[in-house]
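Participant: One structure follows; several queries about it will come next.
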Amino acid sequence: MLRKIATIASVCVIGALLFAGSAAAEEKVIKIGALFPLTGPSAVSGQNCLNSVLAAAEVINNAHTDINVPLASAAGLLDGYKIVIVKADHQGKPDVAKSEAERLYNQEGVFAIIGSYNSSATKPASAVAERAKKLFLCGASSSAALTERDYKYFFRHAPTDAIESEEFTDYITYLNKEKNSGIKTLGLIYENTEFGKHAADEAKKAAKKIGLEVIADVPFNNGATNLSSEVQTLKAANPDAVFGAALGGDYSLWVRTMKQVNWLPRIAINFCTGYQNPAVQKELAGDGDYFMGGMGFSPELAKNFMPEALKVQERFYKPLAKQEFDSDSLQEAVMLLVLGQAIEKAGAVDTEKVREVLSTATFASPLSLSGEVAFQAGGQNVKALSVITQIKDLKYNTIYPKRFQDSEPMFPMTPWDKR
Amino acid sequence: MMSSFLQVLLDGLLNGLVYALVAAGLSMIWGVMDVINFAHGEFLMVGMYVSYWIGFFLNVDPLYSWIAAGIFLFILGAVTYKLIIKNSLGKSAMAPLLATFGLSMVLKNFCMNRFTPNFRLLQGTLMEGKTIAVGGAILSVPQLATALFALVVLGVLYWMLKKTRLGWAIQATAMDSEAAELMGIKTENIYLLVFGIGGACVGITGGLMTSYLAVYPEVGSLFSLIAFVVVALGGFGSIPGALLAAILIGLVESFSGFYIAAVVKYVAVFAVYIAVILVRPRGLFGW
Amino acid sequence: MNTKKISSRIWCLFLAGAFLLPFIPGGVGNSFHGHVLTMILLYASMAQAWNIISGYCGQTSFGHAVFFGIGAYGAAMAVVQYNSLPWFGAPLGALAAALVSVLISAPFFRLKGHYFAIATFAIVEIFNRLFMIWDTVGGALGLDYPILDDGWVNFSWSSDKNGYYLGALFLFVLIFGIVRWIESHRMGYYLRAVREGQETAESLGVNSSFVKLSAMALSAGLAGLCGAFFAQYNYRVDPPMVMSLDMSMKFVLITILGGLGTFWGPLLGAAVLIPLQEYTRAYLAHLGSGVDLIIFGLIIIFTMIRQPTGIMGLIRRFVLRNEDSAARDGEK
């Protein structure tokens, strides 16, 4: 018995030494933490986000003269610094996010963290950063509260749910004016989590502004075994438009359930949900057609406005993720590239200098729809742009705003029995 | 209005029947061995994956692949008994429960590791998208098929327990395992069989569910909880109890979801459970 | 040798060492092991609180996440919504937790065995979902802490963990001290009497209902205090963080791994499980493959099969075996 304990103990000690011993040799590296939900309910998106950051690191670290993205043509940053990504998993839990952020900054000594997808995890992780006076860059988290905290070290790329809601209602106003569509009532279906609830609150505010009446408010428990009651409630209220916030599996369940009860609103627009995930749409096939959503990226959009993103996708992202970019995870890559540019501009791997640059400069960003990134006080990217797309035959067609439009909107949604 | 009512009623009934089949195996296991299988929802998830992968690679419809799922889960149940339950029974009341909790973590994360967390939905299945109109309500054929299967399997199970010698042996072991052993019943084999059958039941359900539900590693969690509540509500060891309780739960979920608010439908389910259990501490049919 | 004396000596040595640690450079500071040590103390305290009702009194509750959560919300609401101090919110939260526990348990205690366990699951689910839609406590959005000045007044630190560590240590001493007191006073005997056989205890004049409810209230209130600490430590609270079945299972697993119904069990369980959980996640989770959780699950299975009486059970067997052989040697 004692011998067994001794053996196990020595194995553990040797293992620990091996781990510790892999301390970096004297190289010029900049360690950047990537904190995402690699396991747990958001694991699909979390892993996509991580792969996105890894793809961006690859772009920076090696010389790729044929890619017209800042930092691609040189190898590394400044005079030969390589980016090393330190991965961490917060499992979708805010308390784990908090302690992982601390571990990344204090133990791993990362210069900055890119993360964390779930707004409920980004909040405490960035609170750690702010208190420690370290940089935290956020790509996809959409809660408006993140940039309303007056933080100095937090920067976020994505348009907030507030901005998205206004775009959705702008589109409805446009439809009503240009196409005489007569959309007067709105239904909301959303997962009852920090993300969904926040999106719904913003939607209600935006709807109020244009006099759109909310006649159905349907939160649901994510991971539910069925969405029958939820869809029944929507059907009974029969709103003209529906805004949705349902991730992955719940999204396809929602679509299929609506098909089963043979009901559709005349128009359905989604916040960042399963709609934007090409893998989910592939599984839904034709059932997903005619739904709409806000996106900062789609393969079709990229062909016209972000061709470099497609190059990065084909050469570095697809081999890792086995799927195309989705508009959420792409933003994490953008943030790493922006950070790299800020470091170059600051001329040193110095937090205060880089922070100064991040707060004041405008960055060229070929992977962003607007082509540029610039942050206002509090950290919100004022150049954040998303368009409304509509999916048909697995293609995302951009229909609003007009300057990005590549197809006519198909309005109203074709009812199930006519497909 | 009437068609809404009918729709809600029928939805609740169908969901309830599906819960019944998931819970039936759990009820037997609890009745015979006094063990709560914490990994029951994960068994369901594994059954769904079996059926999904068979459908994906071999193009076999869930209407047939449920057989494979059932067999796979029978084996998984038996192995779980042999390796885990047998060695933790009798040591403490909590040991098997916590051991199966550990198993649920292992199964969930193993599937996540092997199959990625992506949601997977079969396309082009035989029953996909088909619906039947009943009165003013629309029923989804895949769900209807699963519910009818559930009824049949439950019926077969009940018949087996009441009318066959094996069933009597199982009941005897449940009532008093020492006496049963003295009467020549190999209780060890009974336990193995019961865990296997319990697994098979939930495997069959999972196999059929891939015709309308997306599978992902966490899909079993809520089903686990509902199964526990159904079994406790029906009274452990009672198949009719499980059926009745499951239908009740399905109806409560459906009606509260529509007439109160969808987001509280599970609050209502658990609240109803607590209300009943306080009045009848051993469930509706428990002994 | 007198085991009680050994136990007391170990206790004193341990406490002395624990108190001195933050004052040694690199002892706690801002290190990862400082975080792990703080978590060990916190979870040991939580497990010991649970031990009161489930170990000593024999009523296995899976609902402690609710009381933990109520305490957490008490502290968080005070700081976030009332601009006040957690020193007011935490005791209120703990009191509320104790009250809720009595209201729930009174009718539940007549349930037997697994029925009781499942009922406590149902309670966690109900509270979780209710808190998710209850906007007054923040609902699904949760409550986020503003940036506060470091210090004991706000019970919040960012520069290092020494304050949190000492706070967890005080919590630990409080809860373990209470249990030590219970063990050697009448209350302890009543608890054990009810655990061993309720009818027998009643026939001897023990008011089992009162005993169970008091134990539950105490257990819940202390769990609530731990929850308040958790909220202060993480700068945030929302229903899935605190009122989840996962959290409830932590109370259960740590105590059972250490040894249900024993004094040292909760500490031993935490000292093994927490570093395991934290270090496997730190070193393996980035692989994104859930390997750390698979390992965790396997360890739980293994323990339940081979050693369900936990670490204390192992120690007892070891000690007994030595005493046996010593006795035998003495006989020769």
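Letters A, B, ... go to the chains of the structure tokens in the order shown; residues in each chain start at 1; ligands are counted from 1 in the same order.
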Would you mind listing, as a tab-separated table (two decimals) with C-alpha atoms, in the first residue's frame, all residues of chain A that have at least one atom within 6 Å of chain C, where only C-alpha atoms are what counts?
Facilitator:
```tsv
chain	number	residue	atom	x	y	z
A	38	LEU	CA	-14.08	25.25	-24.64
A	87	LYS	CA	-5.45	28.83	-24.17
A	88	ALA	CA	-7.85	28.67	-21.24
A	89	ASP	CA	-11.32	27.26	-20.75
A	95	ASP	CA	-16.40	32.13	-11.44
A	103	ARG	CA	-4.17	32.78	-13.60
A	193	THR	CA	-30.09	33.71	-20.06
A	194	GLU	CA	-27.97	36.81	-19.69
```
Participant: Could you give me, as a tab-separated table, a per-residue list for chain B showing, wherever an atom lies at most 6 Å from an atom of chain A, the closest pair of atoms and their distance in Å to one decimal, using only C-alpha atoms and sorting by chain then residue number from low to high?
Facilitator:
```
residue	atom	partner	partner_atom	distance
B:Pro117	CA	A:Val44	CA	5.4
B:Asn118	CA	A:Val44	CA	5.7
B:Phe119	CA	A:Gly249	CA	5.6
B:Leu121	CA	A:Glu283	CA	5.6
B:Ile138	CA	A:Val261	CA	5.7
B:Ser140	CA	A:Gln260	CA	5.8
B:Ser254	CA	A:Ser229	CA	5.8
B:Gly257	CA	A:Ser229	CA	4.9
B:Phe258	CA	A:Ser229	CA	4.9
B:Ala262	CA	A:Glu230	CA	5.4
B:Val263	CA	A:Phe220	CA	4.7
```
Participant: Tell me, as a ChimeraX atom specification, which residues lie within 9 Å of segment 312-325 of chain C, counting only C-alpha atoms; anything in the same chain fewer than 3 positions away does not count.
Facilitator: /C:257-260,262,264-265,268,307-309,328-330
Participant: Based on the selection just made, write N, CA and C atoms of those residues as a PDB file, in the first residue's frame.
Facilitator:
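Saved to out13.pdb:
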```pdb
ATOM      1  N   LEU C 257     -16.306  12.247  -0.178  1.00  0.00           N
ATOM      2  CA  LEU C 257     -14.941  11.837  -0.485  1.00  0.00           C
ATOM      3  C   LEU C 257     -14.082  11.902   0.765  1.00  0.00           C
ATOM      4  N   GLY C 258     -14.303  12.945   1.567  1.00  0.00           N
ATOM      5  CA  GLY C 258     -13.500  13.071   2.760  1.00  0.00           C
ATOM      6  C   GLY C 258     -13.930  12.112   3.852  1.00  0.00           C
ATOM      7  N   GLY C 259     -15.227  11.875   3.924  1.00  0.00           N
ATOM      8  CA  GLY C 259     -15.731  10.994   4.980  1.00  0.00           C
ATOM      9  C   GLY C 259     -16.965  11.607   5.600  1.00  0.00           C
ATOM     10  N   LEU C 260     -18.136  11.074   5.229  1.00  0.00           N
ATOM     11  CA  LEU C 260     -19.393  11.638   5.706  1.00  0.00           C
ATOM     12  C   LEU C 260     -19.509  11.499   7.209  1.00  0.00           C
ATOM     13  N   THR C 262     -17.791  12.799   9.538  1.00  0.00           N
ATOM     14  CA  THR C 262     -16.574  12.904  10.345  1.00  0.00           C
ATOM     15  C   THR C 262     -16.169  14.368  10.445  1.00  0.00           C
ATOM     16  N   TRP C 264     -12.974  15.705  10.253  1.00  0.00           N
ATOM     17  CA  TRP C 264     -11.929  16.093   9.304  1.00  0.00           C
ATOM     18  C   TRP C 264     -12.322  15.848   7.849  1.00  0.00           C
ATOM     19  N   GLY C 265     -13.352  15.024   7.648  1.00  0.00           N
ATOM     20  CA  GLY C 265     -13.748  14.657   6.295  1.00  0.00           C
ATOM     21  C   GLY C 265     -13.834  15.818   5.330  1.00  0.00           C
ATOM     22  N   LEU C 268     -10.420  17.151   4.365  1.00  0.00           N
ATOM     23  CA  LEU C 268      -9.661  16.207   3.543  1.00  0.00           C
ATOM     24  C   LEU C 268     -10.229  16.142   2.129  1.00  0.00           C
ATOM     25  N   GLN C 307     -13.750   2.986  -2.133  1.00  0.00           N
ATOM     26  CA  GLN C 307     -13.576   3.582  -0.825  1.00  0.00           C
ATOM     27  C   GLN C 307     -14.701   4.556  -0.506  1.00  0.00           C
ATOM     28  N   PRO C 308     -15.941   4.057  -0.397  1.00  0.00           N
ATOM     29  CA  PRO C 308     -17.058   4.977  -0.200  1.00  0.00           C
ATOM     30  C   PRO C 308     -17.070   5.652   1.163  1.00  0.00           C
ATOM     31  N   THR C 309     -16.284   5.119   2.133  1.00  0.00           N
ATOM     32  CA  THR C 309     -16.251   5.834   3.406  1.00  0.00           C
ATOM     33  C   THR C 309     -15.246   6.966   3.362  1.00  0.00           C
ATOM     34  N   ARG C 328      -1.994  -7.523  18.849  1.00  0.00           N
ATOM     35  CA  ARG C 328      -1.544  -8.900  18.665  1.00  0.00           C
ATOM     36  C   ARG C 328      -0.108  -9.075  19.125  1.00  0.00           C
ATOM     37  N   ASP C 329       0.720  -8.065  18.767  1.00  0.00           N
ATOM     38  CA  ASP C 329       2.114  -8.136  19.213  1.00  0.00           C
ATOM     39  C   ASP C 329       2.179  -8.152  20.732  1.00  0.00           C
ATOM     40  N   GLY C 330       1.292  -7.302  21.320  1.00  0.00           N
ATOM     41  CA  GLY C 330       1.290  -7.236  22.773  1.00  0.00           C
ATOM     42  C   GLY C 330       0.949  -8.577  23.401  1.00  0.00           C
TER      43      GLY C 330
END
```
Participant: Got a sec: who's within 10 Å of Asn51 of chain C, counting only C-alpha atoms, leaving out chain neighbours fewer than 4 positions off, as a list in words?
Facilitator: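 My list of contacting residues is Ser45, Met46, Ala47, Gly55, Tyr56, Cys57, Gly58, Gln59, Thr60, Ser61, Val179, Ala215, Ser219, Phe251, Val252, Ile254, Thr255, Ile256, Gly259, Leu260, Gly261, Thr262, Phe263, Gly265 and Pro266 of chain C.
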Participant: Can you list, as a ChimeraX atom specification, every residue of segment 258-353 of chain A that DSSP puts in strand (DSSP E or B)?
Facilitator: /A:267-270,292-295
Participant: I need the chain C residues near chain B as number ranges by chain; criterion: at most 7 Å, counting only C-alpha atoms.
Facilitator: C: 107, 111, 115, 118-119, 122, 126, 129, 289-290, 293-294, 297-298, 300-301, 304-305, 308
Participant: Please list as a PyMOL selection string every residue within 7 Å of segment 176-188 of chain A, counting only C-alpha atoms and excluding residues in the same chain fewer than 4 positions away.
Facilitator: chain A and resi 172+200+212-218+234+239-244
Participant: Could you save those same residues with N, CA and C atoms as a PDB file, in the first residue's frame?
Facilitator:
```pdb
ATOM      1  N   ILE A 172     -37.442  47.370 -40.402  1.00  0.00           N
ATOM      2  CA  ILE A 172     -38.905  47.252 -40.439  1.00  0.00           C
ATOM      3  C   ILE A 172     -39.528  48.564 -40.893  1.00  0.00           C
ATOM      4  N   ALA A 200     -33.540  40.783 -25.606  1.00  0.00           N
ATOM      5  CA  ALA A 200     -34.978  41.060 -25.607  1.00  0.00           C
ATOM      6  C   ALA A 200     -35.263  42.438 -25.038  1.00  0.00           C
ATOM      7  N   LEU A 212     -43.741  50.008 -32.601  1.00  0.00           N
ATOM      8  CA  LEU A 212     -44.050  48.611 -32.912  1.00  0.00           C
ATOM      9  C   LEU A 212     -44.518  47.943 -31.617  1.00  0.00           C
ATOM     10  N   GLU A 213     -45.689  47.299 -31.673  1.00  0.00           N
ATOM     11  CA  GLU A 213     -46.252  46.766 -30.433  1.00  0.00           C
ATOM     12  C   GLU A 213     -45.780  45.340 -30.163  1.00  0.00           C
ATOM     13  N   VAL A 214     -45.247  45.128 -28.962  1.00  0.00           N
ATOM     14  CA  VAL A 214     -44.778  43.787 -28.607  1.00  0.00           C
ATOM     15  C   VAL A 214     -45.947  42.984 -28.070  1.00  0.00           C
ATOM     16  N   ILE A 215     -46.466  42.012 -28.840  1.00  0.00           N
ATOM     17  CA  ILE A 215     -47.640  41.276 -28.369  1.00  0.00           C
ATOM     18  C   ILE A 215     -47.311  39.861 -27.879  1.00  0.00           C
ATOM     19  N   ALA A 216     -46.069  39.452 -28.028  1.00  0.00           N
ATOM     20  CA  ALA A 216     -45.703  38.144 -27.470  1.00  0.00           C
ATOM     21  C   ALA A 216     -44.285  38.230 -26.942  1.00  0.00           C
ATOM     22  N   ASP A 217     -44.106  37.834 -25.688  1.00  0.00           N
ATOM     23  CA  ASP A 217     -42.797  37.902 -25.041  1.00  0.00           C
ATOM     24  C   ASP A 217     -42.529  36.505 -24.484  1.00  0.00           C
ATOM     25  N   VAL A 218     -41.722  35.720 -25.209  1.00  0.00           N
ATOM     26  CA  VAL A 218     -41.604  34.300 -24.869  1.00  0.00           C
ATOM     27  C   VAL A 218     -40.178  33.898 -24.537  1.00  0.00           C
ATOM     28  N   LEU A 234     -46.494  31.814 -29.467  1.00  0.00           N
ATOM     29  CA  LEU A 234     -46.248  32.721 -30.593  1.00  0.00           C
ATOM     30  C   LEU A 234     -47.381  32.615 -31.605  1.00  0.00           C
ATOM     31  N   PRO A 239     -47.892  37.451 -34.232  1.00  0.00           N
ATOM     32  CA  PRO A 239     -47.308  38.760 -34.550  1.00  0.00           C
ATOM     33  C   PRO A 239     -46.827  38.799 -35.993  1.00  0.00           C
ATOM     34  N   ASP A 240     -46.723  40.026 -36.547  1.00  0.00           N
ATOM     35  CA  ASP A 240     -46.225  40.166 -37.915  1.00  0.00           C
ATOM     36  C   ASP A 240     -44.749  39.819 -37.987  1.00  0.00           C
ATOM     37  N   ALA A 241     -44.003  40.287 -36.971  1.00  0.00           N
ATOM     38  CA  ALA A 241     -42.554  40.071 -36.988  1.00  0.00           C
ATOM     39  C   ALA A 241     -42.140  39.354 -35.714  1.00  0.00           C
ATOM     40  N   VAL A 242     -41.069  38.599 -35.806  1.00  0.00           N
ATOM     41  CA  VAL A 242     -40.512  37.942 -34.626  1.00  0.00           C
ATOM     42  C   VAL A 242     -39.016  38.210 -34.573  1.00  0.00           C
ATOM     43  N   PHE A 243     -38.523  38.604 -33.394  1.00  0.00           N
ATOM     44  CA  PHE A 243     -37.073  38.687 -33.192  1.00  0.00           C
ATOM     45  C   PHE A 243     -36.681  37.500 -32.339  1.00  0.00           C
ATOM     46  N   GLY A 244     -35.615  36.814 -32.707  1.00  0.00           N
ATOM     47  CA  GLY A 244     -35.235  35.616 -31.971  1.00  0.00           C
ATOM     48  C   GLY A 244     -33.831  35.679 -31.411  1.00  0.00           C
TER      49      GLY A 244
END
```
Participant: May I ask for the distance between atom CA of Phe36 of chain A and atom CA of Leu339 of chain A, given in Å to one decimal place?
Facilitator: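 Atom-to-atom, atom CA of Phe36 of chain A to atom CA of Leu339 of chain A, that is 17.6 Å.
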